[in-house]
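Taking it in order: structure first as structure tokens, then the write-up.
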Amino acid sequence: MTDPLITISEAVQNGDQEQVIKTVGVALKAGVPASALLEKALVPGIRALGEKFKNEEVFLPEVLIAIRAMNRGVEELKPHFTAEDAKKQYKEGTVVIGTVEGDLHDIGKNLVGMMLRANGFNVVDVGVDVSADSFISAAKENGADVVAMSGLLTTTITYMPTVIEGLKKAGLRDRVKIMVGGAPVTRQYADEIGVEGFAEDCASAVDEARRLMKL
């Protein structure tokens with residue numbers, strides 16, 4: 001008999017929602033804990049796909065379909081989570097994410113947010129055209145570990161230092177890590193503005209967020 005954990009993981013990678021839902025249901029009836037299905041099947045599946053994406057073995061459409069398949073699996077599990085399981089679902093840390101003031105682009109930000117959620121992060125998406133004050137308020141209210149800023153225009157990424165300065169003035173800079181990304185953003189620019197993190201795609205953002213949590 002095929003291991004249901006392997007079947008679910010492979011179904012996530014293939015974006016096969018029906019197979020995910022069917023196998024999750026069978027596994028639950030067989031007594032497999034919801035937490036095990038999350039941590040040993042759904043999450044490993046999306047992580048494996050993230051590695052394939054970084055290696056250019058799959059592309060964004062496949063990533064989106066896989067994330068949807070994983071989310072359907074999580075929805076099936078939710079009624080079976082204990083209070084402790086619910087806490088573990090977002091055990092990696094809290095990330096406040098948004099596109100900086102003056103910029104209305106959100107596709108990249110949304111993808112990063114979905115991948116972070118799928119990999120166990122609690123993601124607080126503050127939207128687009130986000131002011132420094134809004135980033136600061138969200139970081140305070142949610143006890144953010146990481147503030148992630150996105151920008152797709154060379155004219156708007158110059159607002160990132162304003163957010164950084166605001167976090168300093170609010171007394172938050174010492175306890176939150178900052179990650180930046182977007183088409184015109186480079187590791188060099190991240191270094192120039194004094195932030196710890198940079199990611200060039202949604203899969204790398206997960207690795208980078210994990211790295212920042214250990215600093």
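Residues are named by chain letter and number: chains run A, B, ... in the order of the structure tokens, numbers start at 1 in each chain, and ligands are numbered from 1 in the order shown.
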
List every residue of segment 21-140 of chain A that DSSP, applied to the backbone, labels as strand (DSSP E or B), and write the result as an mmCIF file with C-alpha atoms, in the first residue's frame.
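Listed below is the output, result-v7.cif:
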```
data_model
loop_
_atom_site.group_PDB
_atom_site.id
_atom_site.type_symbol
_atom_site.label_atom_id
_atom_site.label_comp_id
_atom_site.auth_asym_id
_atom_site.auth_seq_id
_atom_site.Cartn_x
_atom_site.Cartn_y
_atom_site.Cartn_z
ATOM 1 C CA GLY A 93 7.391 33.249 12.758
ATOM 2 C CA THR A 94 5.370 36.299 11.758
ATOM 3 C CA VAL A 95 6.067 38.272 8.587
ATOM 4 C CA VAL A 96 4.450 41.630 7.810
ATOM 5 C CA ILE A 97 4.517 42.054 4.031
ATOM 6 C CA GLY A 98 3.507 44.913 1.745
ATOM 7 C CA THR A 99 4.309 46.891 -1.386
ATOM 8 C CA VAL A 100 5.812 50.267 -0.529
ATOM 9 C CA PHE A 121 4.823 31.465 8.523
ATOM 10 C CA ASN A 122 2.082 33.677 9.896
ATOM 11 C CA VAL A 123 1.764 36.306 7.143
ATOM 12 C CA VAL A 124 0.170 39.706 7.697
ATOM 13 C CA ASP A 125 -0.380 41.259 4.266
ATOM 14 C CA VAL A 130 1.849 51.094 2.116
#
```

Just want the 6 Å neighbourhood of segment 78-85 of chain A, counted on only C-alpha atoms, with same-chain residues fewer than 2 positions away dropped. Output as number ranges by chain.
A: 34-35, 75-76, 87-88

Please produce an output containing N, CA and C atoms for each residue in the selection, written as a short mmCIF file (atom, residue, chain, number, x, y, z; two decimals), in the first residue's frame.
```cif
data_model
loop_
_atom_site.label_atom_id
_atom_site.label_comp_id
_atom_site.auth_asym_id
_atom_site.auth_seq_id
_atom_site.Cartn_x
_atom_site.Cartn_y
_atom_site.Cartn_z
N ALA A 34 -3.86 14.95 12.12
CA ALA A 34 -3.86 16.09 11.20
C ALA A 34 -2.51 16.77 11.18
N SER A 35 -1.86 16.87 12.34
CA SER A 35 -0.56 17.54 12.42
C SER A 35 0.48 16.81 11.58
N GLU A 75 -7.46 23.08 4.41
CA GLU A 75 -8.88 23.29 4.74
C GLU A 75 -9.53 22.00 5.23
N GLU A 76 -9.16 20.88 4.61
CA GLU A 76 -9.69 19.58 5.03
C GLU A 76 -9.21 19.23 6.45
N LYS A 87 -1.59 26.19 16.56
CA LYS A 87 -0.42 27.04 16.84
C LYS A 87 0.76 26.63 15.97
N LYS A 88 0.94 25.31 15.82
CA LYS A 88 2.08 24.80 15.05
C LYS A 88 1.98 25.15 13.57
#
```

Near-Glu51 of chain A list (12 Å; only C-alpha atoms; drop same-chain fewer than 3 positions) as a VMD selection string:
chain A and resid 13 44 to 48 54 to 59 63 115 201 to 207

Residue contacts of Ala132 of chain A (9 Å, only C-alpha atoms) excluding same-chain residues fewer than 4 positions away, as a list in words:
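After dropping sequence-adjacent residues, the list is Val100, Glu101, Ile136, Ser137, Tyr159, Met160, Thr162, Val163, Ile164, Glu165, Gly166 and Leu167 of chain A.
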
In terms of the shortest atom-to-atom distance over only C-alpha atoms, which of A:Ile21, A:Asp103, A:Ala86, A:Val112 is closest to Thr155 of chain A?
A:Asp103

12 Å contact set for Pro61 of chain A, only C-alpha atoms, chain neighbours under 4 positions out, as number ranges by chain:
A: 13-15, 49, 53, 65-68, 111

Would you kindly return, as a ChimeraX atom specification, each protein, DNA or RNA residue with an atom no farther than 6 Å from any atom of segment 144-146 of chain A, considering only C-alpha atoms and excluding same-chain residues fewer than 2 positions away?
/A:94-95,139,142,176-178

Please identify which residues in segment 38-73 of chain A DSSP calls alpha helix (DSSP H) from the backbone, and express them as JSON, numbers by chain.
{"A": [43, 44, 45, 46, 47, 48, 49, 50, 51, 52, 53, 54, 60, 61, 62, 63, 64, 65, 66, 67, 68, 69, 70, 71, 72, 73]}

Distance of atom CA of Arg173 of chain A from atom CA of Ser131 of chain A, expressed in Å to one decimal place:
16.4 Å

Atom CA of Glu92 of chain A to atom CA of Leu172 of chain A, distance in Å rounded to a single decimal:
19.5 Å

Under the rule that only C-alpha atoms are counted, which of A:Ala148, A:Lys52, A:Gly127, A:Thr156 is the nearest residue to Glu208 of chain A?
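Comparing A:Ala148, A:Lys52, A:Gly127, A:Thr156 against Glu208 of chain A, the winner is A:Ala148.
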